[in-house]
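The structure file coords-v6.cif is reproduced below (mmCIF, C-alpha atoms and all ligand atoms).
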data_data
loop_
_atom_site.label_atom_id
_atom_site.label_comp_id
_atom_site.auth_asym_id
_atom_site.auth_seq_id
_atom_site.Cartn_x
_atom_site.Cartn_y
_atom_site.Cartn_z
CA MET O 1 0.00 0.00 0.00
CA LYS O 2 1.28 3.46 -0.95
CA LEU O 3 0.24 4.81 2.47
CA GLN O 4 3.39 3.27 3.93
CA ASN O 5 5.39 5.85 1.98
CA TYR O 6 3.87 8.53 4.17
CA LEU O 7 3.33 6.81 7.50
CA TRP O 8 6.00 5.71 9.98
CA VAL O 9 5.02 3.93 13.19
CA SER O 10 7.61 3.14 15.90
CA GLN O 11 8.26 -0.54 16.59
CA GLU O 12 6.95 -0.18 20.15
CA VAL O 13 3.64 1.27 18.95
CA GLN O 14 3.30 -1.29 16.14
CA ASP O 15 3.82 -4.15 18.60
CA ALA O 16 1.36 -2.63 21.08
CA ILE O 17 -1.37 -2.26 18.45
CA ARG O 18 -0.88 -5.81 17.24
CA GLU O 19 -1.04 -7.19 20.78
CA ASN O 20 -4.05 -5.06 21.84
CA LYS O 21 -2.00 -3.11 24.37
CA PRO O 22 -3.06 0.41 25.40
CA VAL O 23 -1.60 3.30 23.39
CA VAL O 24 -2.28 7.02 23.84
CA ALA O 25 -1.63 9.41 20.94
CA LEU O 26 -0.23 12.88 21.72
CA GLU O 27 -0.06 15.94 19.44
CA SER O 28 2.90 18.15 18.54
CA THR O 29 1.38 21.59 17.82
CA ILE O 30 0.99 21.96 21.56
CA ILE O 31 4.80 21.56 21.70
CA SER O 32 5.78 23.92 18.86
CA HIS O 33 2.99 26.49 19.07
CA GLY O 34 1.21 25.93 22.36
CA MET O 35 3.99 26.59 24.87
CA PRO O 36 7.38 28.34 24.97
CA TYR O 37 10.72 26.50 24.98
CA PRO O 38 11.91 24.81 27.19
CA GLN O 39 8.65 24.25 29.11
CA ASN O 40 7.14 22.77 25.95
CA VAL O 41 9.75 20.00 25.72
CA GLU O 42 9.73 19.34 29.48
CA THR O 43 5.93 19.07 29.38
CA ALA O 44 5.87 16.78 26.34
CA LEU O 45 8.32 14.42 28.06
CA ARG O 46 6.40 14.56 31.36
CA VAL O 47 3.18 13.80 29.50
CA GLU O 48 4.78 10.73 27.93
CA LYS O 49 6.03 9.64 31.35
CA THR O 50 2.57 10.13 32.86
CA VAL O 51 1.07 7.88 30.18
CA ARG O 52 3.70 5.21 30.94
CA ASP O 53 3.36 5.53 34.73
CA ASN O 54 -0.35 4.88 34.29
CA GLY O 55 0.24 1.72 32.28
CA ALA O 56 -0.08 2.75 28.63
CA ILE O 57 2.32 3.51 25.78
CA PRO O 58 2.65 7.11 24.58
CA ALA O 59 2.77 7.88 20.85
CA THR O 60 3.68 11.49 20.20
CA ILE O 61 2.85 12.33 16.58
CA ALA O 62 4.49 14.78 14.16
CA ILE O 63 5.36 15.15 10.49
CA LEU O 64 9.08 14.64 9.92
CA GLY O 65 10.73 14.55 6.52
CA GLY O 66 7.39 14.21 4.79
CA LYS O 67 6.12 11.31 6.88
CA LEU O 68 3.40 11.14 9.48
CA CYS O 69 5.41 9.73 12.39
CA VAL O 70 3.62 7.95 15.22
CA GLY O 71 5.81 7.49 18.31
CA ILE O 72 8.61 10.02 17.83
CA THR O 73 11.76 10.04 20.01
CA PRO O 74 12.68 12.47 22.82
CA GLU O 75 15.34 13.93 20.47
CA GLN O 76 12.66 14.64 17.87
CA ILE O 77 10.47 16.24 20.55
CA GLU O 78 13.42 18.45 21.52
CA TYR O 79 13.93 19.38 17.84
CA LEU O 80 10.28 20.44 17.41
CA GLY O 81 10.21 22.28 20.72
CA LYS O 82 13.36 24.24 19.97
CA LYS O 83 12.21 25.17 16.46
CA GLY O 84 8.89 26.36 17.94
CA LEU O 85 6.91 28.70 15.71
CA LYS O 86 9.32 28.03 12.81
CA VAL O 87 7.78 24.58 12.41
CA ILE O 88 4.71 24.60 10.19
CA LYS O 89 1.50 24.14 12.13
CA ALA O 90 -0.08 21.40 10.05
CA SER O 91 -3.79 20.78 9.91
CA ARG O 92 -5.60 18.57 7.35
CA ARG O 93 -5.26 21.03 4.47
CA ASP O 94 -1.46 21.16 4.89
CA LEU O 95 -0.84 17.44 4.46
CA PRO O 96 -0.67 17.06 0.66
CA VAL O 97 2.03 19.69 0.16
CA LEU O 98 4.09 18.95 3.29
CA LEU O 99 4.18 15.22 2.57
CA SER O 100 4.92 15.60 -1.14
CA ARG O 101 7.77 18.03 -0.41
CA GLY O 102 9.23 15.93 2.39
CA GLU O 103 8.86 18.68 4.97
CA ASP O 104 8.33 18.79 8.74
CA GLY O 105 5.14 19.86 10.46
CA ALA O 106 3.62 19.97 13.93
CA THR O 107 0.33 18.12 14.01
CA THR O 108 -2.82 19.79 15.31
CA VAL O 109 -5.66 17.81 16.86
CA ALA O 110 -7.01 17.18 13.33
CA THR O 111 -3.79 15.79 11.83
CA THR O 112 -2.89 13.89 15.00
CA MET O 113 -6.27 12.16 14.72
CA ILE O 114 -5.61 11.33 11.07
CA ALA O 115 -2.20 9.79 11.79
CA ALA O 116 -3.43 8.00 14.92
CA ALA O 117 -6.31 6.44 12.99
CA MET O 118 -3.97 5.33 10.19
CA ALA O 119 -1.74 3.63 12.77
CA GLY O 120 -4.68 2.05 14.64
CA VAL O 121 -4.46 4.23 17.76
CA ARG O 122 -7.95 5.11 19.01
CA ILE O 123 -7.27 7.22 22.12
CA PHE O 124 -5.63 10.64 22.03
CA ALA O 125 -4.98 13.03 24.92
CA THR O 126 -4.25 16.75 24.61
CA GLY O 127 -4.94 20.13 26.23
CA GLY O 128 -7.56 21.98 24.24
CA VAL O 129 -9.25 21.42 20.90
CA GLY O 130 -9.94 24.03 18.26
CA GLY O 131 -13.52 25.17 17.76
CA VAL O 132 -15.78 27.92 16.51
CA HIS O 133 -14.08 31.23 17.20
CA ARG O 134 -15.91 34.20 18.69
CA GLY O 135 -17.16 36.28 15.78
CA ALA O 136 -17.19 33.27 13.44
CA GLU O 137 -20.52 34.46 12.06
CA THR O 138 -18.48 37.05 10.13
CA THR O 139 -14.93 35.56 10.03
CA MET O 140 -16.01 31.94 9.35
CA ASP O 141 -13.07 30.89 11.57
CA ILE O 142 -13.98 27.35 12.54
CA SER O 143 -11.17 24.92 13.35
CA ALA O 144 -10.65 21.91 11.09
CA ASP O 145 -10.46 19.95 14.37
CA LEU O 146 -14.27 19.91 14.45
CA GLU O 147 -14.59 18.43 10.94
CA GLU O 148 -12.03 15.83 11.91
CA LEU O 149 -14.03 14.87 14.98
CA ALA O 150 -16.96 14.46 12.59
CA GLN O 151 -15.19 11.93 10.39
CA THR O 152 -12.19 10.27 12.04
CA ASP O 153 -12.64 7.54 14.59
CA VAL O 154 -10.39 8.70 17.43
CA THR O 155 -11.51 9.64 20.94
CA VAL O 156 -9.99 12.92 22.08
CA ILE O 157 -9.49 13.70 25.76
CA CYS O 158 -9.20 17.44 26.45
CA ALA O 159 -9.93 19.99 29.16
CA GLY O 160 -12.84 21.42 27.17
CA ALA O 161 -12.34 24.48 25.03
CA LYS O 162 -10.92 27.84 25.93
CA SER O 163 -13.24 30.77 26.00
CA ILE O 164 -11.14 32.35 23.23
CA LEU O 165 -13.74 30.28 21.35
CA ASP O 166 -17.50 30.63 21.25
CA LEU O 167 -18.28 27.61 23.40
CA GLY O 168 -22.02 27.63 22.66
CA LEU O 169 -21.47 27.63 18.89
CA THR O 170 -18.73 25.00 19.22
CA LEU O 171 -21.18 22.68 20.99
CA GLU O 172 -23.87 23.34 18.35
CA TYR O 173 -21.40 22.52 15.59
CA LEU O 174 -20.40 19.27 17.29
CA GLU O 175 -24.04 18.31 17.71
CA THR O 176 -24.74 18.88 14.01
CA LYS O 177 -21.74 16.71 13.13
CA GLY O 178 -22.85 13.91 15.46
CA VAL O 179 -19.94 14.16 17.88
CA THR O 180 -20.73 13.02 21.43
CA VAL O 181 -19.40 15.42 24.05
CA VAL O 182 -18.80 13.63 27.35
CA GLY O 183 -18.04 15.30 30.67
CA TYR O 184 -15.77 13.22 32.88
CA GLN O 185 -17.31 13.44 36.35
CA THR O 186 -19.06 16.66 35.35
CA GLU O 187 -22.31 17.84 33.75
CA GLU O 188 -20.75 21.07 32.61
CA LEU O 189 -18.34 21.65 29.74
CA PRO O 190 -15.02 22.66 31.31
CA ALA O 191 -13.43 25.84 29.93
CA PHE O 192 -9.78 24.78 29.91
CA TYR O 193 -8.24 27.05 32.62
CA CYS O 194 -11.54 26.99 34.51
CA ARG O 195 -13.65 24.00 35.56
CA LYS O 196 -16.93 25.50 34.46
CA SER O 197 -18.36 27.23 31.39
CA GLY O 198 -22.11 27.36 32.01
CA PHE O 199 -22.75 25.00 29.06
CA PRO O 200 -23.98 21.44 29.59
CA VAL O 201 -22.22 18.44 28.04
CA ASP O 202 -24.23 15.70 26.31
CA TYR O 203 -23.44 13.02 28.89
CA ARG O 204 -21.73 12.81 32.22
CA LEU O 205 -19.68 9.60 32.60
CA ASP O 206 -17.89 8.92 35.86
CA THR O 207 -15.39 6.15 35.14
CA PRO O 208 -12.85 5.25 32.46
CA ALA O 209 -14.72 1.95 32.06
CA GLU O 210 -17.98 3.73 31.13
CA ILE O 211 -16.13 5.88 28.62
CA ALA O 212 -14.36 2.85 27.12
CA ALA O 213 -17.73 1.08 26.79
CA ALA O 214 -19.07 3.97 24.71
CA VAL O 215 -15.91 4.07 22.59
CA LEU O 216 -16.18 0.33 22.01
CA VAL O 217 -19.77 0.62 20.78
CA LYS O 218 -18.64 3.18 18.24
CA GLU O 219 -15.87 0.88 17.14
CA GLN O 220 -18.12 -2.17 16.87
CA CYS O 221 -20.93 -0.36 15.06
CA GLU O 222 -18.40 1.34 12.81
CA LEU O 223 -19.93 4.70 13.57
CA LYS O 224 -17.57 7.12 11.93
CA GLY O 225 -16.20 10.15 13.70
CA GLY O 226 -14.60 10.84 17.04
CA MET O 227 -15.82 11.46 20.53
CA LEU O 228 -14.82 14.32 22.81
CA ILE O 229 -14.07 13.55 26.45
CA THR O 230 -13.84 16.74 28.48
CA ASN O 231 -11.90 16.51 31.72
CA PRO O 232 -11.93 19.52 34.07
CA ILE O 233 -8.59 20.92 35.26
CA PRO O 234 -7.94 19.72 38.85
CA GLU O 235 -9.51 22.09 41.38
CA GLU O 236 -6.19 23.15 42.91
CA TYR O 237 -4.83 24.42 39.57
CA ALA O 238 -7.99 26.07 38.19
CA MET O 239 -7.87 29.81 37.49
CA PRO O 240 -10.49 32.31 38.71
CA GLU O 241 -13.23 32.64 36.07
CA LYS O 242 -13.61 36.41 36.20
CA GLU O 243 -9.88 37.08 35.91
CA MET O 244 -9.62 34.65 32.99
CA ASP O 245 -12.58 36.23 31.17
CA GLU O 246 -10.97 39.64 31.43
CA CYS O 247 -7.60 38.35 30.23
CA ILE O 248 -9.14 36.58 27.27
CA GLN O 249 -11.18 39.65 26.30
CA HIS O 250 -8.06 41.77 26.53
CA ALA O 251 -5.98 39.30 24.48
CA ILE O 252 -8.67 39.11 21.79
CA SER O 253 -8.84 42.91 21.49
CA ILE O 254 -5.03 43.07 21.04
CA ALA O 255 -5.27 40.36 18.36
CA ASN O 256 -8.01 42.30 16.57
CA GLU O 257 -6.01 45.54 16.73
CA GLN O 258 -2.99 43.81 15.25
CA GLY O 259 -5.07 42.04 12.60
CA ILE O 260 -3.97 38.53 13.67
CA LYS O 261 -5.98 35.93 11.74
CA GLY O 262 -6.33 32.32 10.71
CA LYS O 263 -3.88 29.73 12.00
CA ASN O 264 -1.89 32.36 13.93
CA ILE O 265 -4.73 33.41 16.19
CA THR O 266 -4.66 30.55 18.74
CA PRO O 267 -0.87 30.62 19.32
CA PHE O 268 -1.01 34.43 19.56
CA LEU O 269 -3.78 34.40 22.15
CA LEU O 270 -2.11 31.66 24.21
CA ASP O 271 1.08 33.69 24.38
CA ARG O 272 -0.76 36.89 25.30
CA ILE O 273 -2.80 35.18 27.98
CA LYS O 274 0.40 33.79 29.44
CA THR O 275 1.88 37.30 29.68
CA LEU O 276 -1.34 38.79 31.05
CA THR O 277 -1.54 36.14 33.78
CA ASP O 278 2.15 36.38 34.69
CA GLY O 279 2.79 32.86 33.48
CA LYS O 280 0.03 31.36 35.63
CA SER O 281 -1.96 30.24 32.58
CA LEU O 282 1.03 28.25 31.33
CA GLU O 283 1.29 26.48 34.68
CA ALA O 284 -2.42 25.63 34.53
CA ASN O 285 -2.04 24.47 30.93
CA ILE O 286 0.75 22.06 31.88
CA LYS O 287 -1.23 20.65 34.80
CA LEU O 288 -4.36 20.02 32.75
CA VAL O 289 -2.44 18.26 29.98
CA LEU O 290 -0.86 15.91 32.54
CA ASN O 291 -4.30 15.28 34.00
CA ASN O 292 -5.64 14.39 30.54
CA ALA O 293 -2.69 12.09 29.82
CA LYS O 294 -3.55 10.10 32.95
CA LEU O 295 -7.23 9.79 32.00
CA GLY O 296 -6.22 8.89 28.43
CA ALA O 297 -4.09 6.02 29.72
CA GLU O 298 -6.91 4.79 31.97
CA ILE O 299 -9.43 4.82 29.11
CA ALA O 300 -6.98 3.10 26.73
CA ILE O 301 -6.40 0.33 29.28
CA GLU O 302 -10.13 -0.19 29.81
CA LEU O 303 -10.73 -0.24 26.07
CA CYS O 304 -8.14 -3.01 25.58
CA LYS O 305 -9.72 -5.01 28.43
CA GLN O 306 -13.23 -4.66 27.06
CA ARG O 307 -12.12 -5.56 23.53
CA GLY O 308 -10.86 -8.78 25.12
N1 LIG O 401 -5.65 25.04 22.03
C1 LIG O 401 -4.70 25.06 22.99
N2 LIG O 401 -3.42 24.75 22.72
C2 LIG O 401 -3.05 24.39 21.46
C3 LIG O 401 -4.05 24.34 20.44
C4 LIG O 401 -5.32 24.68 20.77
O1 LIG O 401 -5.00 25.39 24.12
O2 LIG O 401 -1.87 24.10 21.24
C5 LIG O 401 -3.66 23.88 19.07
C6 LIG O 401 -4.09 22.42 18.86
O3 LIG O 401 -3.08 21.77 18.12
C7 LIG O 401 -5.34 22.55 18.02
C8 LIG O 401 -5.02 23.76 17.20
O4 LIG O 401 -5.61 21.42 17.22
O5 LIG O 401 -4.36 24.64 18.08
C9 LIG O 401 -6.24 24.39 16.59
O6 LIG O 401 -5.83 25.40 15.72
P1 LIG O 401 -6.87 26.04 14.69
O7 LIG O 401 -7.88 26.72 15.53
O8 LIG O 401 -6.02 26.96 13.87
O9 LIG O 401 -7.43 24.88 13.90
MN MN O 402 -8.91 28.76 12.42
#

Before we go any further, please render this structure as structure tokens.
Ligand code: PSU
Ligand code: MN
Amino acid sequence: MKLQNYLWVSQEVQDAIRENKPVVALESTIISHGMPYPQNVETALRVEKTVRDNGAIPATIAILGGKLCVGITPEQIEYLGKKGLKVIKASRRDLPVLLSRGEDGATTVATTMIAAAMAGVRIFATGGVGGVHRGAETTMDISADLEELAQTDVTVICAGAKSILDLGLTLEYLETKGVTVVGYQTEELPAFYCRKSGFPVDYRLDTPAEIAAAVLVKEQCELKGGMLITNPIPEEYAMPEKEMDECIQHAISIANEQGIKGKNITPFLLDRIKTLTDGKSLEANIKLVLNNAKLGAEIAIELCKQRG
């Protein structure tokens, strides 16, 4: 199959998939564009360790030399982290040209899902997913992550969506596309830095086993598309809602003034929010990613058990 020309899967991940062992996919845009160096590399390695400590195998995904690589090395993580914003942030539309030219790219949620699905990895943990941006009724800025959730069979564990997005419209979009939004031990969609958003999720599920059971049904019925598991940031690391709202508003107005658009908007806002919160948002971001990695491992383990 020609696909093999464009897909590379580490031996460890290949063996795990064949033997029905738990694997958790991890993205690389969060490394290159989501956090500054060196915290980005430290976090990516800690996330991998968290997955392992909880009994699963991590598979960090990136595009290197024109291949979708599933299960990259710590050296490759360091390379992407150091290069930072100079790496191309690669969503679905970037794949044809990057792969044909043999280039590198950091995978977003969308492209990480694509590569994970190609490799047979069904569980993916990250920080936040893209969504419908505020003002999308005029800008049409809707992340390709949502379309990917509509069509690619990978379950994504995240801490909800940041209120740099229009959370209500994001939920409506997901509903239209048939994507189940689960709250892990919560009825309310978490808002990334904060545990609450005021918007209800579709279903509250309280254990990794219940989540795995739902994932398994999707697999067995061959229902296409992903599922979104939203996991609130641990109480002790959550940021005050009012302060966050103000920061986000402020960051968005700076972005508008400077005319930041398209794929640059999310990295720009993350960086601004970090400055406006004195680095506290970065600390919260790291903690919630680690928390998601743990839940991802637990769900992956349950899924393997239930597959039998
Ligand atoms: N949200 C975050 N951190 C991130 C991203 C989103 O808190 O790093 C990244 C993810 O890789 C996500 C992408 O898939 O941004 C969405 O970008 P866009 O809205 O341009 O599709
Ligand atoms: Mn966008």

Report as JSON lines the residues of chain O within 6 Å of ligand LIG 401 (chain O), each with its shortest atom pair and distance in Å (one decimal), using only C-alpha atoms and all ligand atoms, ordered by chain and increasing residue number.
{"residue": "O:Thr29", "atom": "CA", "partner": "O:LIG401", "partner_atom": "O3", "distance": 4.5}
{"residue": "O:Ile30", "atom": "CA", "partner": "O:LIG401", "partner_atom": "O2", "distance": 3.6}
{"residue": "O:His33", "atom": "CA", "partner": "O:LIG401", "partner_atom": "O2", "distance": 5.8}
{"residue": "O:Gly34", "atom": "CA", "partner": "O:LIG401", "partner_atom": "O2", "distance": 3.8}
{"residue": "O:Thr108", "atom": "CA", "partner": "O:LIG401", "partner_atom": "O3", "distance": 3.4}
{"residue": "O:Val109", "atom": "CA", "partner": "O:LIG401", "partner_atom": "O4", "distance": 3.6}
{"residue": "O:Ala110", "atom": "CA", "partner": "O:LIG401", "partner_atom": "O4", "distance": 5.9}
{"residue": "O:Gly127", "atom": "CA", "partner": "O:LIG401", "partner_atom": "O1", "distance": 5.7}
{"residue": "O:Gly128", "atom": "CA", "partner": "O:LIG401", "partner_atom": "N1", "distance": 4.2}
{"residue": "O:Val129", "atom": "CA", "partner": "O:LIG401", "partner_atom": "C7", "distance": 5.0}
{"residue": "O:Gly130", "atom": "CA", "partner": "O:LIG401", "partner_atom": "C9", "distance": 4.1}
{"residue": "O:Ser143", "atom": "CA", "partner": "O:LIG401", "partner_atom": "O9", "distance": 3.8}
{"residue": "O:Ala144", "atom": "CA", "partner": "O:LIG401", "partner_atom": "O9", "distance": 5.2}
{"residue": "O:Asp145", "atom": "CA", "partner": "O:LIG401", "partner_atom": "O9", "distance": 5.8}
{"residue": "O:Lys263", "atom": "CA", "partner": "O:LIG401", "partner_atom": "O8", "distance": 4.0}
{"residue": "O:Thr266", "atom": "CA", "partner": "O:LIG401", "partner_atom": "O7", "distance": 5.9}

Distance filter 12 Å around ligand MN 402 (chain O), atoms: only C-alpha atoms and all ligand atoms, out as a VMD selection string
chain O and resid 89 to 93 108 110 129 to 136 139 to 147 164 to 165 260 to 267

In Å, with one decimal, what is the gap from atom CA of Thr73 of chain O to atom CA of Arg122 of chain O?
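Taking atom CA of Thr73 of chain O as the start and atom CA of Arg122 of chain O as the end point, the length is 20.3 Å.
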
Pick from O:Val179, O:Ile114, O:Ala238, O:Leu269: nearest to Ser253 of chain O, with all atoms listed in the file counted?
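Checking each candidate against Ser253 of chain O, we get O:Leu269 as the closest.
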
Spatial neighbours of segment 3-8 of chain O, 10 Å, only C-alpha atoms, chain gap at least 3 places, as JSON, numbers by chain
{"O": [11, 14, 61, 63, 64, 65, 66, 67, 68, 69, 70, 71, 72, 99, 100, 102, 115, 118, 119]}

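Considering all atoms listed in the file, the residue among O:Glu75, O:Val217, O:Gly308, O:Tyr193 positioned nearest to Lys280 of chain O is O:Tyr193.
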
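Here atom CA of Val215 of chain O is placed at a distance of 7.3 Å from atom CA of Thr155 of chain O.
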
Which residue, O:Glu236, O:Glu210, O:Glu243, O:Asp15, has the smallest gap to Val121 of chain O when you use all atoms listed in the file?
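For Val121 of chain O, the nearest of the candidates is O:Asp15.
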
From the set O:Ile57, O:Val41, O:Val97, O:Ala117, which residue has the shortest atom-to-atom contact distance to Tyr79 of chain O, counting only C-alpha atoms?
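Using only C-alpha atoms, Tyr79 of chain O sits closest to O:Val41.
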
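Counting from atom CA of Thr176 of chain O, the distance to atom CA of Ala212 of chain O is 23.2 Å.
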
Taking into account only C-alpha atoms, which residue in the set O:Gly183, O:Pro208, O:Gly168, O:Gly178 is nearest to Leu223 of chain O?
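Using only C-alpha atoms, the shortest distance to Leu223 of chain O belongs to O:Gly178.
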
As a ChimeraX atom specification, please: the residues near segment 288-303 of chain O (cut-off 8 Å, all atoms listed in the file, same-chain neighbours under 4 positions excluded).
/O:21-24,46-48,50-52,54-57,123-127,157-159,192,208-209,211-213,215-216,231-234,284,307

Per-axis box centre and lengths in Å around segment 25-38 of chain O, 8 Å margin per side, axis-aligned, as lines of an AutoDock Vina configuration file:
center_x = 5.1
center_y = 18.9
center_z = 22.5
size_x = 29.5
size_y = 34.9
size_z = 25.4

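With only C-alpha atoms as the atoms that count, the minimum distance from Val156 of chain O to the choices O:Thr277, O:Glu235, O:Ala116, O:Arg272 is reached by O:Ala116.
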